[in-house]
>>> print(open('my_file_16.txt').read())   # compact mmCIF, C-alpha atoms and all ligand atoms
# COMPACT_ATOMS: atom_id res chain seq x y z
CA MET A 1 -17.67 5.29 24.11
CA ASP A 2 -16.72 8.92 24.61
CA THR A 3 -14.81 8.29 27.81
CA ASN A 4 -11.72 10.42 27.68
CA PRO A 5 -8.51 8.60 28.55
CA PRO A 6 -6.26 10.35 31.05
CA ALA A 7 -3.36 12.28 29.54
CA GLY A 8 -0.08 10.43 29.77
CA GLY A 9 0.85 6.96 31.04
CA ARG A 10 -0.87 3.66 30.48
CA THR A 11 -4.47 4.11 29.52
CA THR A 12 -7.41 3.04 31.69
CA PHE A 13 -9.83 3.57 28.79
CA GLN A 14 -12.73 1.16 28.86
CA PRO A 15 -13.73 0.41 25.28
CA PRO A 16 -17.40 -0.15 24.48
CA HIS A 17 -18.54 -3.76 24.19
CA ALA A 18 -19.81 -3.22 20.65
CA MET A 19 -18.68 -1.11 17.72
CA LYS A 20 -19.70 -0.26 14.16
CA ALA A 21 -17.87 -2.05 11.38
CA LEU A 22 -18.21 -2.19 7.62
CA SER A 23 -18.44 -5.87 6.83
CA PHE A 24 -19.64 -8.40 4.29
CA SER A 25 -20.80 -12.01 4.45
CA ASP A 26 -21.18 -12.78 0.74
CA TYR A 27 -18.71 -11.97 -2.00
CA GLY A 28 -19.95 -9.59 -4.66
CA ASP A 29 -20.28 -5.97 -5.81
CA PRO A 30 -19.90 -2.98 -3.42
CA SER A 31 -23.50 -3.36 -2.20
CA VAL A 32 -22.47 -6.41 -0.12
CA LEU A 33 -20.69 -4.03 2.27
CA ARG A 34 -22.94 -3.34 5.28
CA THR A 35 -22.54 -1.36 8.48
CA VAL A 36 -23.01 -3.82 11.35
CA ASP A 37 -22.66 -3.91 15.14
CA VAL A 38 -19.95 -6.35 16.20
CA PRO A 39 -18.09 -6.95 19.47
CA THR A 40 -15.14 -4.63 20.05
CA PRO A 41 -12.05 -6.82 19.49
CA PRO A 42 -10.26 -8.02 22.63
CA ILE A 43 -6.52 -7.34 22.79
CA GLY A 44 -3.78 -9.84 23.55
CA GLN A 45 -0.80 -9.31 25.85
CA ASP A 46 1.32 -7.80 23.08
CA GLU A 47 -1.47 -5.90 21.34
CA VAL A 48 -3.09 -2.50 21.44
CA LEU A 49 -6.57 -1.26 20.62
CA ILE A 50 -6.66 1.51 18.03
CA ARG A 51 -9.59 3.89 17.58
CA VAL A 52 -9.56 4.01 13.77
CA ARG A 53 -9.60 7.55 12.34
CA ALA A 54 -8.69 6.68 8.75
CA CYS A 55 -8.37 3.52 6.67
CA ALA A 56 -7.27 3.65 3.04
CA VAL A 57 -9.03 1.63 0.34
CA ASN A 58 -6.72 -0.58 -1.71
CA ALA A 59 -7.05 -2.81 -4.79
CA LEU A 60 -6.50 -5.67 -2.36
CA ASP A 61 -9.81 -4.82 -0.61
CA ILE A 62 -11.67 -4.90 -3.93
CA LYS A 63 -10.22 -8.32 -4.78
CA LEU A 64 -11.11 -9.73 -1.37
CA ARG A 65 -14.67 -8.35 -1.53
CA ARG A 66 -15.13 -10.01 -4.92
CA GLY A 67 -13.71 -13.29 -3.60
CA ASP A 68 -11.05 -12.95 -6.28
CA VAL A 69 -8.18 -14.36 -4.20
CA PRO A 70 -6.42 -17.74 -4.25
CA SER A 71 -7.83 -18.78 -0.85
CA PRO A 72 -10.87 -16.64 0.04
CA ILE A 73 -11.23 -15.86 3.73
CA ASP A 74 -14.25 -16.91 5.75
CA PRO A 75 -16.96 -14.24 6.01
CA PRO A 76 -18.04 -12.07 7.77
CA VAL A 77 -14.99 -10.07 6.79
CA ILE A 78 -13.74 -6.71 8.08
CA LEU A 79 -11.33 -5.38 5.46
CA GLY A 80 -8.76 -2.61 5.79
CA ALA A 81 -4.96 -2.95 5.90
CA ASP A 82 -3.98 0.74 5.93
CA ILE A 83 -4.90 2.05 9.38
CA ALA A 84 -4.25 5.33 11.21
CA GLY A 85 -5.85 6.29 14.51
CA ASP A 86 -5.53 6.86 18.24
CA LEU A 87 -4.13 4.37 20.70
CA GLU A 88 -6.87 3.65 23.25
CA GLU A 89 -5.92 0.53 25.21
CA GLN A 90 -2.80 -1.59 25.56
CA GLY A 91 -2.00 -5.14 26.60
CA ALA A 92 0.00 -5.87 29.75
CA GLY A 93 3.06 -6.92 27.75
CA THR A 94 3.37 -3.77 25.64
CA PRO A 95 5.74 -0.83 26.24
CA ASP A 96 4.31 2.39 27.72
CA PHE A 97 2.52 4.52 25.18
CA GLN A 98 1.02 7.95 25.61
CA SER A 99 -2.75 7.52 25.82
CA GLY A 100 -4.48 8.82 22.73
CA SER A 101 -1.23 8.81 20.73
CA ARG A 102 -1.70 9.26 17.00
CA VAL A 103 -0.32 6.14 15.34
CA VAL A 104 -0.08 4.43 11.97
CA VAL A 105 -0.08 0.63 11.65
CA ASN A 106 2.29 -1.46 9.55
CA PRO A 107 -0.17 -4.22 8.57
CA ARG A 108 2.38 -6.98 7.95
CA LEU A 109 2.70 -9.94 10.34
CA PHE A 110 5.24 -12.78 10.34
CA CYS A 111 6.54 -15.56 12.62
CA GLY A 112 9.69 -13.80 13.82
CA HIS A 113 11.81 -16.94 14.22
CA CYS A 114 12.26 -18.64 10.81
CA LYS A 115 15.48 -18.19 8.83
CA TYR A 116 13.90 -15.48 6.66
CA CYS A 117 12.63 -13.50 9.65
CA LEU A 118 15.95 -13.86 11.47
CA GLY A 119 17.72 -12.71 8.31
CA GLY A 120 15.58 -9.57 8.01
CA GLU A 121 13.61 -10.95 5.04
CA GLN A 122 10.22 -11.19 6.77
CA SER A 123 8.21 -10.84 3.54
CA ALA A 124 9.58 -14.28 2.54
CA CYS A 125 8.29 -15.84 5.80
CA GLY A 126 5.91 -18.78 5.35
CA GLN A 127 3.70 -17.25 8.07
CA TYR A 128 3.56 -13.84 6.36
CA ARG A 129 0.14 -12.35 7.01
CA VAL A 130 -1.62 -9.01 6.56
CA ILE A 131 -4.04 -7.21 8.88
CA GLY A 132 -7.32 -6.73 7.00
CA VAL A 133 -6.71 -9.94 5.05
CA HIS A 134 -5.90 -12.69 7.55
CA ARG A 135 -7.38 -10.98 10.61
CA PRO A 136 -9.96 -8.17 11.05
CA GLY A 137 -8.85 -4.83 9.63
CA GLY A 138 -9.58 -1.14 9.93
CA TYR A 139 -13.02 -0.82 8.29
CA ALA A 140 -14.34 -0.36 11.84
CA GLN A 141 -14.37 1.98 14.82
CA PHE A 142 -11.70 -0.07 16.59
CA VAL A 143 -9.04 -2.58 15.59
CA ALA A 144 -6.64 -4.72 17.66
CA VAL A 145 -3.07 -4.87 16.34
CA PRO A 146 0.36 -5.91 17.65
CA ALA A 147 2.11 -3.04 19.48
CA ALA A 148 5.28 -3.80 17.49
CA ASN A 149 3.53 -2.67 14.30
CA LEU A 150 2.95 0.97 15.37
CA ALA A 151 4.71 4.15 14.32
CA PRO A 152 3.86 7.65 15.64
CA ILE A 153 2.25 10.16 13.27
CA PRO A 154 3.74 13.69 13.28
CA ASP A 155 1.28 16.49 14.17
CA TRP A 156 1.30 18.07 10.72
CA LEU A 157 0.33 14.84 8.89
CA SER A 158 -3.39 14.00 8.67
CA TYR A 159 -4.75 10.60 9.60
CA ALA A 160 -5.83 10.13 5.95
CA GLU A 161 -2.33 10.88 4.69
CA ALA A 162 -0.78 8.53 7.23
CA ALA A 163 -3.21 5.75 6.26
CA ALA A 164 -2.19 6.15 2.61
CA ILE A 165 1.37 4.98 3.29
CA PRO A 166 1.79 1.46 4.76
CA LEU A 167 0.58 -0.90 2.04
CA THR A 168 1.38 0.68 -1.31
CA PHE A 169 4.35 2.90 -0.43
CA THR A 170 6.14 0.11 1.44
CA THR A 171 5.53 -2.29 -1.46
CA ALA A 172 6.86 0.28 -3.95
CA TRP A 173 9.85 1.07 -1.72
CA ARG A 174 10.75 -2.61 -1.55
CA MET A 175 10.44 -2.95 -5.33
CA LEU A 176 12.65 0.01 -6.20
CA HIS A 177 15.08 0.43 -3.31
CA THR A 178 15.44 -3.08 -1.88
CA ARG A 179 14.90 -5.37 -4.88
CA ALA A 180 15.90 -3.30 -7.96
CA ARG A 181 18.55 -1.30 -6.04
CA LEU A 182 17.63 1.84 -7.94
CA GLN A 183 20.49 4.36 -8.18
CA PRO A 184 20.35 8.17 -8.54
CA GLY A 185 20.45 9.19 -12.19
CA GLU A 186 18.91 5.97 -13.47
CA THR A 187 15.76 5.93 -15.57
CA VAL A 188 12.55 4.22 -14.46
CA LEU A 189 9.48 3.29 -16.49
CA VAL A 190 6.27 2.84 -14.47
CA LEU A 191 3.46 1.23 -16.45
CA SER A 192 -0.17 2.15 -15.67
CA ALA A 193 1.12 4.75 -13.26
CA SER A 194 -2.18 5.76 -11.66
CA GLY A 195 -2.55 2.50 -9.71
CA GLY A 196 -1.89 2.38 -5.97
CA VAL A 197 1.57 0.78 -5.95
CA ALA A 198 2.49 2.27 -9.35
CA SER A 199 1.74 5.87 -8.31
CA ALA A 200 3.70 5.35 -5.08
CA ALA A 201 6.54 3.99 -7.24
CA VAL A 202 6.54 7.21 -9.30
CA GLN A 203 6.98 9.30 -6.15
CA ILE A 204 9.61 7.04 -4.61
CA ALA A 205 11.64 6.73 -7.84
CA ALA A 206 11.70 10.53 -8.18
CA PHE A 207 12.67 10.85 -4.49
CA LEU A 208 15.52 8.35 -5.00
CA GLY A 209 16.92 10.58 -7.75
CA ALA A 210 15.73 8.70 -10.82
CA ARG A 211 14.17 10.17 -13.96
CA VAL A 212 10.70 8.70 -14.33
CA VAL A 213 8.69 8.02 -17.48
CA VAL A 214 5.17 6.62 -17.11
CA THR A 215 2.23 5.35 -19.09
CA THR A 216 -1.32 6.37 -18.22
CA SER A 217 -4.58 7.57 -19.77
CA VAL A 218 -4.95 11.01 -21.34
CA GLU A 219 -7.34 12.14 -18.58
CA LYS A 220 -4.89 11.22 -15.78
CA ALA A 221 -1.71 12.49 -17.49
CA LYS A 222 -1.53 15.86 -15.72
CA ARG A 223 -2.13 14.41 -12.25
CA VAL A 224 0.53 11.70 -12.75
CA GLU A 225 2.97 14.36 -13.93
CA GLU A 226 2.31 16.30 -10.72
CA ILE A 227 3.44 13.41 -8.51
CA GLY A 228 6.87 13.19 -10.13
CA ALA A 229 6.83 11.88 -13.71
CA ALA A 230 9.28 13.66 -16.02
CA MET A 231 7.47 12.33 -19.10
CA VAL A 232 4.04 10.83 -19.68
CA ILE A 233 3.30 8.44 -22.54
CA THR A 234 -0.47 8.38 -22.88
CA ASP A 235 -2.41 5.30 -23.93
CA ASP A 236 -2.90 6.69 -27.44
CA GLU A 237 0.86 7.07 -28.00
CA ASP A 238 3.45 4.46 -28.97
CA LEU A 239 5.26 3.05 -25.91
CA GLU A 240 8.45 1.92 -27.66
CA SER A 241 9.09 5.24 -29.42
CA GLY A 242 8.24 7.16 -26.23
CA VAL A 243 10.81 5.18 -24.24
CA GLU A 244 13.36 5.59 -27.04
CA GLU A 245 12.87 9.36 -26.98
CA PHE A 246 13.09 9.55 -23.17
CA THR A 247 16.26 7.43 -22.93
CA HIS A 248 17.88 8.60 -26.18
CA GLY A 249 17.65 5.06 -27.49
CA CYS A 250 19.35 3.44 -24.45
CA GLY A 251 16.32 1.79 -22.83
CA VAL A 252 15.26 2.18 -19.19
CA ASP A 253 17.29 0.93 -16.24
CA VAL A 254 14.30 -0.20 -14.18
CA LEU A 255 10.79 -1.09 -15.29
CA VAL A 256 7.95 -1.34 -12.73
CA GLN A 257 5.36 -3.93 -13.77
CA THR A 258 2.11 -4.32 -11.83
CA GLN A 259 -0.12 -5.61 -14.64
CA GLY A 260 1.29 -8.76 -16.28
CA GLY A 261 -0.85 -10.40 -19.00
CA ASP A 262 -1.15 -8.46 -22.25
CA ALA A 263 0.40 -5.38 -20.60
CA TRP A 264 3.70 -7.25 -20.41
CA GLY A 265 4.16 -6.80 -24.18
CA SER A 266 7.83 -6.72 -25.08
CA THR A 267 8.91 -5.57 -21.62
CA LEU A 268 12.46 -6.97 -21.88
CA ALA A 269 13.13 -5.10 -25.13
CA LEU A 270 12.51 -1.79 -23.32
CA LEU A 271 15.40 -2.27 -20.90
CA ALA A 272 18.96 -0.93 -21.07
CA PRO A 273 21.92 -3.30 -20.53
CA LEU A 274 21.90 -4.55 -16.89
CA GLY A 275 18.29 -3.36 -16.64
CA ARG A 276 15.82 -4.79 -14.12
CA VAL A 277 12.11 -5.39 -14.40
CA VAL A 278 10.46 -5.63 -10.99
CA VAL A 279 7.00 -7.17 -10.65
CA CYS A 280 4.69 -7.10 -7.62
CA SER A 281 1.36 -8.14 -9.14
CA ALA A 282 -0.13 -9.46 -12.36
CA ILE A 283 -3.63 -7.96 -12.46
CA GLN A 284 -4.07 -8.86 -16.14
CA GLY A 285 -2.77 -12.42 -15.72
CA GLY A 286 0.30 -14.35 -14.65
CA LYS A 287 1.17 -15.88 -18.00
CA VAL A 288 3.28 -13.73 -20.32
CA GLU A 289 5.28 -14.28 -23.47
CA ASP A 290 8.54 -12.51 -24.16
CA ASP A 291 11.80 -12.94 -26.05
CA LEU A 292 14.63 -14.23 -23.82
CA MET A 293 17.41 -13.04 -26.10
CA PRO A 294 17.53 -9.48 -24.66
CA LEU A 295 17.59 -11.06 -21.17
CA ILE A 296 20.73 -12.98 -22.08
CA ASN A 297 22.50 -10.53 -24.32
CA ARG A 298 21.87 -7.45 -22.17
CA GLN A 299 22.21 -9.31 -18.84
CA LEU A 300 18.77 -8.31 -17.59
CA ALA A 301 17.01 -9.38 -14.40
CA ILE A 302 13.34 -10.13 -13.69
CA LEU A 303 12.72 -9.54 -9.99
CA GLY A 304 9.64 -10.65 -8.10
CA SER A 305 8.67 -8.54 -5.11
CA THR A 306 5.89 -8.82 -2.57
CA GLY A 307 4.95 -6.84 0.51
CA GLY A 308 7.73 -5.39 2.58
CA THR A 309 9.81 -5.97 5.69
CA PRO A 310 9.72 -3.90 8.90
CA ILE A 311 12.87 -2.16 7.65
CA ASP A 312 11.21 -1.34 4.29
CA PHE A 313 8.29 0.19 6.22
CA ALA A 314 10.58 2.05 8.65
CA ARG A 315 12.62 3.53 5.81
CA VAL A 316 9.61 4.74 3.86
CA TRP A 317 7.95 6.11 7.01
CA GLU A 318 11.16 7.98 7.86
CA GLN A 319 10.96 9.76 4.50
CA VAL A 320 7.34 10.72 5.23
CA VAL A 321 8.28 12.09 8.67
CA ARG A 322 11.11 14.09 7.04
CA ARG A 323 8.53 15.54 4.60
CA ARG A 324 10.28 14.00 1.60
CA LEU A 325 7.34 11.83 0.61
CA ARG A 326 3.72 12.91 0.95
CA PRO A 327 0.82 10.92 -0.46
CA ARG A 328 -1.92 12.48 -2.53
CA ILE A 329 -5.42 12.05 -1.11
CA GLU A 330 -8.04 12.01 -3.83
CA ARG A 331 -11.16 11.80 -1.66
CA GLU A 332 -12.33 10.92 1.85
CA PHE A 333 -15.51 8.96 2.60
CA ALA A 334 -17.22 8.34 5.95
CA LEU A 335 -16.93 4.70 7.02
CA VAL A 336 -20.69 4.20 6.51
CA ASP A 337 -20.21 5.25 2.87
CA GLY A 338 -17.67 2.49 2.25
CA ALA A 339 -19.72 0.99 -0.57
CA ALA A 340 -19.55 4.34 -2.41
CA ALA A 341 -15.78 4.39 -1.85
CA HIS A 342 -15.48 0.93 -3.42
CA GLN A 343 -17.65 2.04 -6.36
CA ALA A 344 -15.43 5.07 -6.89
CA PHE A 345 -12.32 2.87 -6.69
CA GLU A 346 -13.69 0.51 -9.34
CA GLN A 347 -14.39 3.42 -11.70
CA ARG A 348 -10.62 4.00 -11.62
CA ARG A 349 -10.73 7.75 -12.22
CA HIS A 350 -8.52 8.48 -9.20
CA VAL A 351 -4.76 8.92 -9.02
CA GLY A 352 -4.37 9.50 -5.27
CA LYS A 353 -5.85 7.52 -2.41
CA LEU A 354 -9.47 7.00 -1.46
CA VAL A 355 -9.72 6.90 2.33
CA LEU A 356 -12.48 5.92 4.77
CA THR A 357 -12.66 8.13 7.87
CA ASN A 358 -14.23 8.01 11.33
CA ASP A 359 -14.94 11.09 13.45
ZN ZN A 401 9.23 -16.16 9.72
>>> encode(input="my_file_16.txt", output="structure tokens", more="lines below")
Ligand SMILES: [Zn+2]
Amino acid sequence: MDTNPPAGGRTTFQPPHAMKALSFSDYGDPSVLRTVDVPTPPIGQDEVLIRVRACAVNALDIKLRRGDVPSPIDPPVILGADIAGDLEEQGAGTPDFQSGSRVVVNPRLFCGHCKYCLGGEQSACGQYRVIGVHRPGGYAQFVAVPAANLAPIPDWLSYAEAAAIPLTFTTAWRMLHTRARLQPGETVLVLSASGGVASAAVQIAAFLGARVVVTTSVEKAKRVEEIGAAMVITDDEDLESGVEEFTHGCGVDVLVQTQGGDAWGSTLALLAPLGRVVVCSAIQGGKVEDDLMPLINRQLAILGSTGGTPIDFARVWEQVVRRRLRPRIEREFALVDGAAAHQAFEQRRHVGKLVLTND
């Protein structure tokens, strides 16, 4: 396992036949996660084998572990969509990589030849899939991924920081930049701003030149302010009057909704004329009730958004490489302590990312 690949050129690294992975066979609480020995994944012609150094924990992982998804996947499951590591082996059909290159993985897969893919709208592809959901992910020592999904990690960025980017930051980038077409000087309201996509949205909105107001708990207020919020409305304060104060009675231009259900409230009434609400998940439920009159009279838009395209990922990664976006890492856990990481995630005291790491 510790065979050192030669420096430069195509690798001749011989991966071990077996590896450690954090896996589960039954849905349930974090204790279902077990460290197991499984075969090292074979790579296809267009794939590479990555030695996983860091894999971020996402709300998606928690939902999958609980079986709380529309079509649960067949166990045993290896989770983990947000992967950073070293390139160890490459298929015959892949371009030349430097052996041992530090790389991050865009986890999104698609068919590549439907009208949406050909039009650059891959997240609308009927074959849209995610590594760590539809095929084994990065909760392991090694993972096989398509070579086309790699991006190099600059020396100064840690594996944990790199692994914090692909899923949530790309989703938030698509919501704000691609779907809502956020403009400099506009105002953005991010509800429940400590969540994975929501906290990324705070950073991206601030980077794009918007003024950001957020809602969060009293205990998280300072940390959310530190990542780019100009004003924090805590859970014990009135949302409507807070927004009125922040926008001088105009309403916000863009509202980021990740909750749905009761948290929808009177979302449309909070928007300025020509305002947009952009929604990527409905954790509290998909059915909401609202008044359509503001939608009509103020010419508002409700925009659905899911995942991201290769261009969305490339644009957000470019901002990371230029040091304009940098994720906040709350805590790192060894892969074998993955159950503890899931417990910590479910306690929801964090603002930054929880990341599993391998030596
Ligand atoms: Zn397609």
>>> atom_distance(input="my_file_16.txt", atom1="atom CA of A:Arg129", atom2="atom CA of A:Cys111")
9.1 Å
>>> atom_distance(input="my_file_16.txt", atom1="atom CA of A:Lys287", atom2="atom CA of A:Ser194")
22.8 Å
>>> closest_residue(input="my_file_16.txt", among="A:Ser305, A:Gln98, A:Ser25, A:Gln127", to="ligand ZN 401 (chain A)", atoms="only C-alpha atoms and all ligand atoms")
A:Gln127
>>> closest_residue(input="my_file_16.txt", among="A:Met293, A:Val243, A:Cys125, A:Cys250", to="ligand ZN 401 (chain A)", atoms="all atoms listed in the file")
A:Cys125
>>> atom_distance(input="my_file_16.txt", atom1="atom CA of A:Phe142", atom2="atom CA of A:Ser23")
13.2 Å
>>> residues_around(input="my_file_16.txt", residues="A:Pro294", least_positions_apart="4", cutoff="12 Å", atoms="all atoms listed in the file", output="list in words")
Gly251, Ser266, Thr267, Leu268, Ala269, Leu270, Leu271, Ala272, Pro273, Leu274, Gly275, Arg276, Asp290, Arg298, Gln299, Leu300, Ala301 and Ile302 of chain A
>>> closest_atom_pairs(input="my_file_16.txt", of="chain A", to="ligand ZN 401 (chain A)", cutoff="9 Å", atoms="only C-alpha atoms and all ligand atoms", output="Markdown table")
| residue | atom | partner | partner_atom | distance |
| --- | --- | --- | --- | --- |
| A:Phe110 | CA | A:ZN401 | ZN | 5.3 |
| A:Cys111 | CA | A:ZN401 | ZN | 4.0 |
| A:Gly112 | CA | A:ZN401 | ZN | 4.8 |
| A:His113 | CA | A:ZN401 | ZN | 5.2 |
| A:Cys114 | CA | A:ZN401 | ZN | 4.1 |
| A:Lys115 | CA | A:ZN401 | ZN | 6.6 |
| A:Tyr116 | CA | A:ZN401 | ZN | 5.6 |
| A:Cys117 | CA | A:ZN401 | ZN | 4.3 |
| A:Leu118 | CA | A:ZN401 | ZN | 7.3 |
| A:Glu121 | CA | A:ZN401 | ZN | 8.3 |
| A:Gln122 | CA | A:ZN401 | ZN | 5.9 |
| A:Ser123 | CA | A:ZN401 | ZN | 8.2 |
| A:Ala124 | CA | A:ZN401 | ZN | 7.4 |
| A:Cys125 | CA | A:ZN401 | ZN | 4.0 |
| A:Gly126 | CA | A:ZN401 | ZN | 6.1 |
| A:Gln127 | CA | A:ZN401 | ZN | 5.9 |
| A:Tyr128 | CA | A:ZN401 | ZN | 7.0 |
>>> write_last_selection(input="my_file_16.txt", atoms="C-alpha atoms", output="PDB file, in the coordinates of the input")
ATOM      1  CA  PHE A 110       5.240 -12.780  10.340  1.00  0.00           C
ATOM      2  CA  CYS A 111       6.540 -15.560  12.620  1.00  0.00           C
ATOM      3  CA  GLY A 112       9.690 -13.800  13.820  1.00  0.00           C
ATOM      4  CA  HIS A 113      11.810 -16.940  14.220  1.00  0.00           C
ATOM      5  CA  CYS A 114      12.260 -18.640  10.810  1.00  0.00           C
ATOM      6  CA  LYS A 115      15.480 -18.190   8.830  1.00  0.00           C
ATOM      7  CA  TYR A 116      13.900 -15.480   6.660  1.00  0.00           C
ATOM      8  CA  CYS A 117      12.630 -13.500   9.650  1.00  0.00           C
ATOM      9  CA  LEU A 118      15.950 -13.860  11.470  1.00  0.00           C
ATOM     10  CA  GLU A 121      13.610 -10.950   5.040  1.00  0.00           C
ATOM     11  CA  GLN A 122      10.220 -11.190   6.770  1.00  0.00           C
ATOM     12  CA  SER A 123       8.210 -10.840   3.540  1.00  0.00           C
ATOM     13  CA  ALA A 124       9.580 -14.280   2.540  1.00  0.00           C
ATOM     14  CA  CYS A 125       8.290 -15.840   5.800  1.00  0.00           C
ATOM     15  CA  GLY A 126       5.910 -18.780   5.350  1.00  0.00           C
ATOM     16  CA  GLN A 127       3.700 -17.250   8.070  1.00  0.00           C
ATOM     17  CA  TYR A 128       3.560 -13.840   6.360  1.00  0.00           C
TER      18      TYR A 128
END
>>> closest_residue(input="my_file_16.txt", among="A:Asp262, A:Asn149, A:His342, A:Arg181", to="A:Leu64", atoms="only C-alpha atoms")
A:His342
>>> closest_residue(input="my_file_16.txt", among="A:Val212, A:Ile227, A:Val252, A:Val145", to="A:Ala200", atoms="only C-alpha atoms")
A:Ile227
>>> residues_around(input="my_file_16.txt", residues="A:Leu22", least_positions_apart="4", cutoff="8 Å", atoms="only C-alpha atoms", output="PyMOL selection string")
chain A and resi 33-36+78-79+139-140+335-336+338
>>> residues_around(input="my_file_16.txt", residues="A:Ala164", least_positions_apart="2", cutoff="12 Å", atoms="all atoms listed in the file", output="VMD selection string")
chain A and resid 54 to 58 80 to 84 104 to 106 157 to 162 166 to 170 196 to 197 199 to 200 316 to 317 320 325 to 332 352 to 357
>>> residues_near_point(input="my_file_16.txt", point="(-21.6, -2.3, 15.9)", cutoff="7 Å", atoms="all atoms listed in the file", output="PyMOL selection string")
chain A and resi 18-21+36-39
>>> write_last_selection(input="my_file_16.txt", atoms="C-alpha atoms", output="mmCIF file, in the coordinates of the input")
data_model
loop_
_atom_site.group_PDB
_atom_site.id
_atom_site.type_symbol
_atom_site.label_atom_id
_atom_site.label_comp_id
_atom_site.auth_asym_id
_atom_site.auth_seq_id
_atom_site.Cartn_x
_atom_site.Cartn_y
_atom_site.Cartn_z
ATOM 1 C CA ALA A 18 -19.810 -3.220 20.650
ATOM 2 C CA MET A 19 -18.680 -1.110 17.720
ATOM 3 C CA LYS A 20 -19.700 -0.260 14.160
ATOM 4 C CA ALA A 21 -17.870 -2.050 11.380
ATOM 5 C CA VAL A 36 -23.010 -3.820 11.350
ATOM 6 C CA ASP A 37 -22.660 -3.910 15.140
ATOM 7 C CA VAL A 38 -19.950 -6.350 16.200
ATOM 8 C CA PRO A 39 -18.090 -6.950 19.470
#
>>> residues_around(input="my_file_16.txt", residues="A:Ile62", least_positions_apart="2", cutoff="10 Å", atoms="all atoms listed in the file", output="mmCIF file with C-alpha atoms, in the coordinates of the input")
data_model
loop_
_atom_site.group_PDB
_atom_site.id
_atom_site.type_symbol
_atom_site.label_atom_id
_atom_site.label_comp_id
_atom_site.auth_asym_id
_atom_site.auth_seq_id
_atom_site.Cartn_x
_atom_site.Cartn_y
_atom_site.Cartn_z
ATOM 1 C CA GLY A 28 -19.950 -9.590 -4.660
ATOM 2 C CA ASP A 29 -20.280 -5.970 -5.810
ATOM 3 C CA PRO A 30 -19.900 -2.980 -3.420
ATOM 4 C CA VAL A 57 -9.030 1.630 0.340
ATOM 5 C CA ASN A 58 -6.720 -0.580 -1.710
ATOM 6 C CA ALA A 59 -7.050 -2.810 -4.790
ATOM 7 C CA LEU A 60 -6.500 -5.670 -2.360
ATOM 8 C CA LEU A 64 -11.110 -9.730 -1.370
ATOM 9 C CA ARG A 65 -14.670 -8.350 -1.530
ATOM 10 C CA ARG A 66 -15.130 -10.010 -4.920
ATOM 11 C CA GLY A 67 -13.710 -13.290 -3.600
ATOM 12 C CA ASP A 68 -11.050 -12.950 -6.280
ATOM 13 C CA LEU A 79 -11.330 -5.380 5.460
ATOM 14 C CA HIS A 342 -15.480 0.930 -3.420
ATOM 15 C CA GLN A 343 -17.650 2.040 -6.360
ATOM 16 C CA PHE A 345 -12.320 2.870 -6.690
ATOM 17 C CA GLU A 346 -13.690 0.510 -9.340
#
>>> decode(input="my_file_16.txt", residues="stretch 225-236 of chain A", atoms="N, CA and C atoms", output="short mmCIF file (atom, residue, chain, number, x, y, z; two decimals), in the first residue's frame")
data_model
loop_
_atom_site.label_atom_id
_atom_site.label_comp_id
_atom_site.auth_asym_id
_atom_site.auth_seq_id
_atom_site.Cartn_x
_atom_site.Cartn_y
_atom_site.Cartn_z
N GLU A 225 -21.66 36.03 10.71
CA GLU A 225 -21.23 37.38 10.35
C GLU A 225 -19.81 37.35 9.78
N GLU A 226 -18.97 36.50 10.36
CA GLU A 226 -17.57 36.42 9.94
C GLU A 226 -17.40 35.92 8.50
N ILE A 227 -18.38 35.15 8.00
CA ILE A 227 -18.22 34.64 6.64
C ILE A 227 -18.82 35.58 5.59
N GLY A 228 -19.36 36.73 6.01
CA GLY A 228 -19.75 37.71 4.99
C GLY A 228 -21.11 38.37 5.15
N ALA A 229 -21.85 38.06 6.22
CA ALA A 229 -23.16 38.68 6.40
C ALA A 229 -23.00 40.11 6.92
N ALA A 230 -23.69 41.06 6.28
CA ALA A 230 -23.66 42.45 6.74
C ALA A 230 -24.60 42.65 7.92
N MET A 231 -25.64 41.82 8.00
CA MET A 231 -26.60 41.94 9.11
C MET A 231 -27.14 40.55 9.43
N VAL A 232 -27.27 40.28 10.73
CA VAL A 232 -27.81 38.99 11.17
C VAL A 232 -29.12 39.24 11.91
N ILE A 233 -30.17 38.56 11.47
CA ILE A 233 -31.45 38.58 12.19
C ILE A 233 -31.52 37.25 12.94
N THR A 234 -31.44 37.30 14.25
CA THR A 234 -31.44 36.05 15.01
C THR A 234 -32.86 35.52 15.17
N ASP A 235 -32.94 34.24 15.53
CA ASP A 235 -34.24 33.56 15.57
C ASP A 235 -35.23 34.20 16.54
N ASP A 236 -34.71 34.96 17.51
CA ASP A 236 -35.61 35.61 18.47
C ASP A 236 -36.02 37.01 18.01
#
